[in-house]
Amino acid sequence: MEKILVIDFGGQYCQLIARRIRSEHVFAEIRAFNKISCEDIVKEQYKGIVFTGGPNSVYDPKSPHFDPQIMDLGIPILGICYGHQLLSYMGGGKIASAESGSEYGKTTVFFDQSPLFKDVPVESICWMSHTDYVKDIPQGFKLIAHSAKCPCAAIACDEKKLYGVQFHPEVTHTDFGQQMLRNFIIDICGCRQDWNMDDYAKTSIEKYKAELAGKKVLLALSGGVDSSVAAVLLNQAIGSNLTCVFVDHGLLRKDEGDYVEKTFKGQFGINLIRVNAQDRFLEKLRGVTDPERKRKIIGEEFIRVFEEEAEKLGKMDVLAQGTIYPDVVESGNGNSAVIKSHHNVGGLPEDIGFEAIVEPLRYLFKDEVREIGEKLGLPRQLVWRQPFPGPGIAVRITGEITEEKIKLVQEADAIFREEMEKAHCDIMSNQYFAVLADVKSVGVMGDFRTFGYTAVLRAVTTDDFMTAEWTRLPFEVLEAASSRITNEVKGITRVVYDITSKPPATVEWL
Ligand code: XMP
């Protein structure tokens, strides 16, 4: 398989670059600038290299640099934003800070003839986000694009196949950005387009069939997309040698535990152990109101339950996990500043005594995992499931968690989801759910005064969940949900809609 190396210099779009390359059916791998050497690059036989953007200035002593020998390896390079400045600097060019300030946002860029700009019109819109710019281009390079404010929007050394662009071709705001990436990886690097999920699934199944022959494998199944796809894939490879443990902490959505059991045991015939640990979790959470404490307790208890179950099973050789590529990159293989502070409750102990850990989805982005899930026959409902936090509805109940509150929020949430789907509004929003606020208010029901909890409906529209807009839902859907919740869920007297975006709020309430 031919592959492109994306060297991460701290840019926020690092993963996006790799995804855009993979959408051309070429495998792209991300490595932090300080975790790979020229020697490794040659050994790995990369067909091309992309330098990402980054927040630094090349003259800053703390800024990330690379061995300039990389320019003489005979491997094509495309530098983006900071990567473009770094490439210019390494080639002997000069970088300066723009006197007229930053160039930010959609910008018209004028292009000259270049293999990088094949099928790109002479002028088009690109996304700019920079203060520094290349003032003197390095020797052996020529200018191939400019904008009104930026004299050097792109450079090229065709002979060595080295290119730099000041703008961001990877974001959709750059009209012909994907075309430019395609020109680079297909025409300039000459990559075969041989990365596809059909092959990946088949090859992985064959690989694990051989590697795991005769081994007992244990997997923690949460019912989320990643662990579900990992389970089905491994089941096809090793069948009954795979055991999945599904810890039901009682904080799932309405009927979700039964659905997971039915799907994996019933439909796929997977060896599944469902641990009904609701009471244990509830007991540990009694009286706890602090959100972080709740998360911590759930995480710890999850590990305890899992360990106990593993012990009951006797010797298991291998632990399987549904780790996906962004987890790998964010946990230190890449270099981007953002590191998730929360993670799934499946953060499992490493000392249970397994001889190995397998992670069949380690190289895949979420959309690729979904594609494989569909190919392996997982129901759409599961593959396209909206994100659900590991600690479950514990982060959707303010104040103390009680059995009553769990039931109320599960019911309200199920009604809201039903109404969203009925009105086809589910496609407007990337995540929608109900929260139970620990606020009681007075209501009337017939001739009686009632006093009950408040359900908060939340729906957000987002690309990456790092930022999110509250979804502008039609009043009719909100009204239908509100009316049904107050009528059907005894104990909730009031329904409100959350109109806060992220930032300043987060998606979840806790
Ligand atoms: P926030 O609330 O941080 O959520 O804006 C962003 C996205 O992450 C999900 N989320 C979690 N997922 N474990 C998870 O696996 C967690 O502890 C967790 N907390 C939040 C949230 O549902 C949203 O999609």
# chains A, B, ... in the order shown; residues from 1 in each chain; ligands from 1
>>> residues_near_ligand(ligand="ligand 1", cutoff="8 Å", atoms="only C-alpha atoms and all ligand atoms", output="PDB file with C-alpha atoms, in the first residue's frame")
ATOM      1  CA  ARG A 295     -17.138  10.749  35.954  1.00  0.00           C
ATOM      2  CA  HIS A 342     -12.487  13.003  28.828  1.00  0.00           C
ATOM      3  CA  HIS A 343     -12.519   9.566  27.342  1.00  0.00           C
ATOM      4  CA  ASN A 344     -14.713   6.534  27.330  1.00  0.00           C
ATOM      5  CA  VAL A 345     -15.250   4.524  30.452  1.00  0.00           C
ATOM      6  CA  GLN A 386     -24.940   9.851  17.570  1.00  0.00           C
ATOM      7  CA  PRO A 387     -22.120  10.168  20.067  1.00  0.00           C
ATOM      8  CA  PHE A 388     -22.993   9.072  23.564  1.00  0.00           C
ATOM      9  CA  PRO A 389     -20.612   9.842  26.413  1.00  0.00           C
ATOM     10  CA  GLY A 390     -18.974   6.964  28.251  1.00  0.00           C
ATOM     11  CA  PRO A 391     -20.381   8.038  31.635  1.00  0.00           C
ATOM     12  CA  GLY A 392     -23.796   8.034  29.967  1.00  0.00           C
ATOM     13  CA  VAL A 395     -23.500  13.772  32.689  1.00  0.00           C
ATOM     14  CA  GLN A 431     -26.386  15.335  18.603  1.00  0.00           C
ATOM     15  CA  PHE A 465     -17.785  18.719  18.456  1.00  0.00           C
ATOM     16  CA  MET A 466     -14.964  21.112  19.386  1.00  0.00           C
ATOM     17  CA  THR A 467     -17.319  23.964  18.600  1.00  0.00           C
ATOM     18  CA  LYS A 502     -20.140  25.896  22.343  1.00  0.00           C
ATOM     19  CA  ALA A 505     -21.139  26.200  26.899  1.00  0.00           C
ATOM     20  CA  THR A 506     -20.103  22.596  26.317  1.00  0.00           C
ATOM     21  CA  VAL A 507     -22.343  20.141  24.492  1.00  0.00           C
ATOM     22  CA  GLU A 508     -23.039  18.078  27.587  1.00  0.00           C
ATOM     23  CA  TRP A 509     -24.289  19.814  30.705  1.00  0.00           C
ATOM     24  CA  LEU A 510     -21.743  18.214  33.032  1.00  0.00           C
TER      25      LEU A 510
END
>>> closest_atom_pairs(of="region 80-105 of chain A", to="region 46-69 of chain A", cutoff="10 Å", atoms="only C-alpha atoms", output="CSV")
residue,atom,partner,partner_atom,distance
A:Ile80,CA,A:Thr52,CA,5.3
A:Cys81,CA,A:Gly53,CA,4.8
A:Tyr82,CA,A:Gly53,CA,4.3
A:Gly83,CA,A:Phe51,CA,4.6
A:His84,CA,A:Phe51,CA,7.4
A:Gln85,CA,A:Val58,CA,7.1
A:Leu86,CA,A:Val58,CA,6.2
A:Leu87,CA,A:Phe51,CA,8.3
A:Ser88,CA,A:Val58,CA,9.9
A:Tyr89,CA,A:Val58,CA,7.5
A:Met90,CA,A:Pro68,CA,5.8
A:Gly91,CA,A:Pro68,CA,7.8
A:Lys94,CA,A:Val58,CA,9.8
A:Ile95,CA,A:Val58,CA,7.7
A:Ala96,CA,A:Ser57,CA,9.2
A:Ser97,CA,A:Ser57,CA,8.8
>>> residues_around(residues="Ile273 (chain A)", least_positions_apart="4", cutoff="8 Å", atoms="only C-alpha atoms", output="list of chain:residue names")
A:Thr243, A:Cys244, A:Val245, A:Phe246
>>> atom_distance(atom1="CA of Ala28 (chain A)", atom2="CA of Asn196 (chain A)")
12.2 Å
>>> select_by_dssp(residues="region 259-304 of chain A", states="helix (DSSP H, G or I)", output="NGL selection string")
:A and (259-267 or 278-285 or 291-304)
>>> residues_around(residues="Val477 (chain A)", least_positions_apart="2", cutoff="10 Å", atoms="only C-alpha atoms", output="NGL selection string")
:A and (416 or 419-425 or 473-475 or 479-483)
>>> write_last_selection(atoms="all heavy atoms", output="CSV table (one decimal), in the first residue's frame")
chain,number,residue,atom,x,y,z
A,416,PHE,N,-38.1,12.8,22.9
A,416,PHE,CA,-37.5,13.9,22.1
A,416,PHE,C,-36.9,13.3,20.9
A,416,PHE,O,-37.1,13.8,19.7
A,416,PHE,CB,-36.4,14.6,22.9
A,416,PHE,CG,-35.7,15.7,22.2
A,416,PHE,CD1,-36.5,16.6,21.4
A,416,PHE,CD2,-34.4,16.0,22.4
A,416,PHE,CE1,-35.8,17.7,20.7
A,416,PHE,CE2,-33.7,17.0,21.8
A,416,PHE,CZ,-34.5,17.9,20.9
A,419,GLU,N,-39.6,12.3,18.4
A,419,GLU,CA,-40.2,13.5,17.7
A,419,GLU,C,-39.3,14.0,16.7
A,419,GLU,O,-39.7,14.5,15.6
A,419,GLU,CB,-40.7,14.5,18.7
A,419,GLU,CG,-41.8,14.1,19.6
A,419,GLU,CD,-43.1,13.8,18.8
A,419,GLU,OE1,-43.4,14.4,17.7
A,419,GLU,OE2,-43.8,12.8,19.2
A,420,MET,N,-38.0,14.0,17.0
A,420,MET,CA,-37.0,14.5,16.0
A,420,MET,C,-37.0,13.7,14.8
A,420,MET,O,-36.9,14.2,13.7
A,420,MET,CB,-35.6,14.5,16.7
A,420,MET,CG,-35.4,15.5,17.7
A,420,MET,SD,-35.1,17.2,17.0
A,420,MET,CE,-33.4,17.0,16.4
A,421,GLU,N,-37.1,12.4,15.0
A,421,GLU,CA,-37.0,11.5,13.8
A,421,GLU,C,-38.3,11.5,13.0
A,421,GLU,O,-38.3,11.6,11.8
A,421,GLU,CB,-36.7,10.0,14.3
A,421,GLU,CG,-35.2,9.8,14.6
A,421,GLU,CD,-34.9,8.9,15.7
A,421,GLU,OE1,-35.7,7.9,15.9
A,421,GLU,OE2,-33.9,9.1,16.4
A,422,LYS,N,-39.4,11.6,13.7
A,422,LYS,CA,-40.7,11.7,13.0
A,422,LYS,C,-40.8,12.9,12.1
A,422,LYS,O,-41.3,12.9,11.0
A,422,LYS,CB,-41.8,11.8,14.1
A,422,LYS,CG,-43.2,11.2,13.6
A,422,LYS,CD,-44.1,10.8,14.7
A,422,LYS,CE,-44.6,12.0,15.5
A,422,LYS,NZ,-45.4,11.7,16.7
A,423,ALA,N,-40.2,14.0,12.6
A,423,ALA,CA,-40.3,15.3,11.8
A,423,ALA,C,-39.1,15.4,10.9
A,423,ALA,O,-38.9,16.4,10.2
A,423,ALA,CB,-40.3,16.5,12.8
A,424,HIS,N,-38.3,14.3,10.8
A,424,HIS,CA,-37.1,14.3,9.9
A,424,HIS,C,-36.1,15.4,10.3
A,424,HIS,O,-35.4,15.9,9.5
A,424,HIS,CB,-37.4,14.4,8.4
A,424,HIS,CG,-38.3,13.3,8.0
A,424,HIS,ND1,-38.0,12.0,8.0
A,424,HIS,CD2,-39.6,13.4,7.6
A,424,HIS,CE1,-39.0,11.3,7.6
A,424,HIS,NE2,-40.0,12.0,7.4
A,425,CYS,N,-36.1,15.8,11.6
A,425,CYS,CA,-35.2,16.9,12.0
A,425,CYS,C,-33.9,16.3,12.5
A,425,CYS,O,-33.0,17.0,12.8
A,425,CYS,CB,-35.8,17.7,13.2
A,425,CYS,SG,-37.1,18.8,12.5
A,473,LEU,N,-34.2,24.4,15.7
A,473,LEU,CA,-35.3,23.5,15.4
A,473,LEU,C,-36.6,24.2,15.2
A,473,LEU,O,-36.8,25.2,15.8
A,473,LEU,CB,-35.4,22.5,16.6
A,473,LEU,CG,-34.3,21.5,16.9
A,473,LEU,CD1,-34.6,20.7,18.1
A,473,LEU,CD2,-34.1,20.6,15.7
A,474,PRO,N,-37.4,23.6,14.3
A,474,PRO,CA,-38.7,24.2,14.1
A,474,PRO,C,-39.5,24.2,15.4
A,474,PRO,O,-39.4,23.2,16.2
A,474,PRO,CB,-39.4,23.3,13.1
A,474,PRO,CG,-38.3,22.5,12.5
A,474,PRO,CD,-37.2,22.4,13.5
A,475,PHE,N,-40.3,25.2,15.7
A,475,PHE,CA,-41.1,25.3,16.9
A,475,PHE,C,-42.0,24.1,17.1
A,475,PHE,O,-42.3,23.6,18.1
A,475,PHE,CB,-42.0,26.6,17.0
A,475,PHE,CG,-41.2,27.8,17.3
A,475,PHE,CD1,-41.7,29.1,17.0
A,475,PHE,CD2,-39.9,27.7,17.9
A,475,PHE,CE1,-41.0,30.2,17.3
A,475,PHE,CE2,-39.2,28.8,18.2
A,475,PHE,CZ,-39.7,30.1,17.9
A,479,GLU,N,-42.5,21.9,20.3
A,479,GLU,CA,-43.9,21.9,20.9
A,479,GLU,C,-44.4,20.4,21.1
A,479,GLU,O,-44.8,20.1,22.2
A,479,GLU,CB,-44.9,22.7,20.1
A,479,GLU,CG,-46.2,22.6,20.7
A,479,GLU,CD,-47.2,23.6,20.1
A,479,GLU,OE1,-46.9,24.4,19.3
A,479,GLU,OE2,-48.4,23.5,20.6
A,480,ALA,N,-44.2,19.6,20.0
A,480,ALA,CA,-44.6,18.2,20.1
A,480,ALA,C,-43.9,17.5,21.3
A,480,ALA,O,-44.5,16.8,22.1
A,480,ALA,CB,-44.4,17.5,18.8
A,481,ALA,N,-42.6,17.7,21.3
A,481,ALA,CA,-41.8,17.1,22.4
A,481,ALA,C,-42.2,17.5,23.7
A,481,ALA,O,-42.4,16.8,24.7
A,481,ALA,CB,-40.3,17.3,22.2
A,482,SER,N,-42.4,18.9,23.9
A,482,SER,CA,-42.7,19.4,25.2
A,482,SER,C,-44.1,18.9,25.7
A,482,SER,O,-44.3,18.5,26.8
A,482,SER,CB,-42.8,20.9,25.1
A,482,SER,OG,-43.5,21.5,26.1
A,483,SER,N,-45.0,18.9,24.7
A,483,SER,CA,-46.4,18.5,25.1
A,483,SER,C,-46.4,17.0,25.5
A,483,SER,O,-47.0,16.6,26.5
A,483,SER,CB,-47.3,18.8,23.9
A,483,SER,OG,-48.4,17.9,23.9
>>> closest_residue(among="A:Asp199, A:Glu355, A:Glu307, A:Asp158", to="His25 (chain A)", atoms="only C-alpha atoms")
A:Asp199
>>> select_by_dssp(residues="region 161-191 of chain A", states="strand (DSSP E)", output="JSON, numbers by chain")
{"A": [162, 163, 164, 165]}
>>> write_last_selection(atoms="C-alpha atoms", output="tab-separated table (two decimals), in the first residue's frame")
chain	number	residue	atom	x	y	z
A	162	LEU	CA	8.75	20.69	-3.54
A	163	TYR	CA	5.69	22.91	-3.07
A	164	GLY	CA	4.45	25.36	-0.47
A	165	VAL	CA	1.07	27.06	-0.10
>>> atom_distance(atom1="CA of Ile427 (chain A)", atom2="CA of Glu24 (chain A)")
25.7 Å
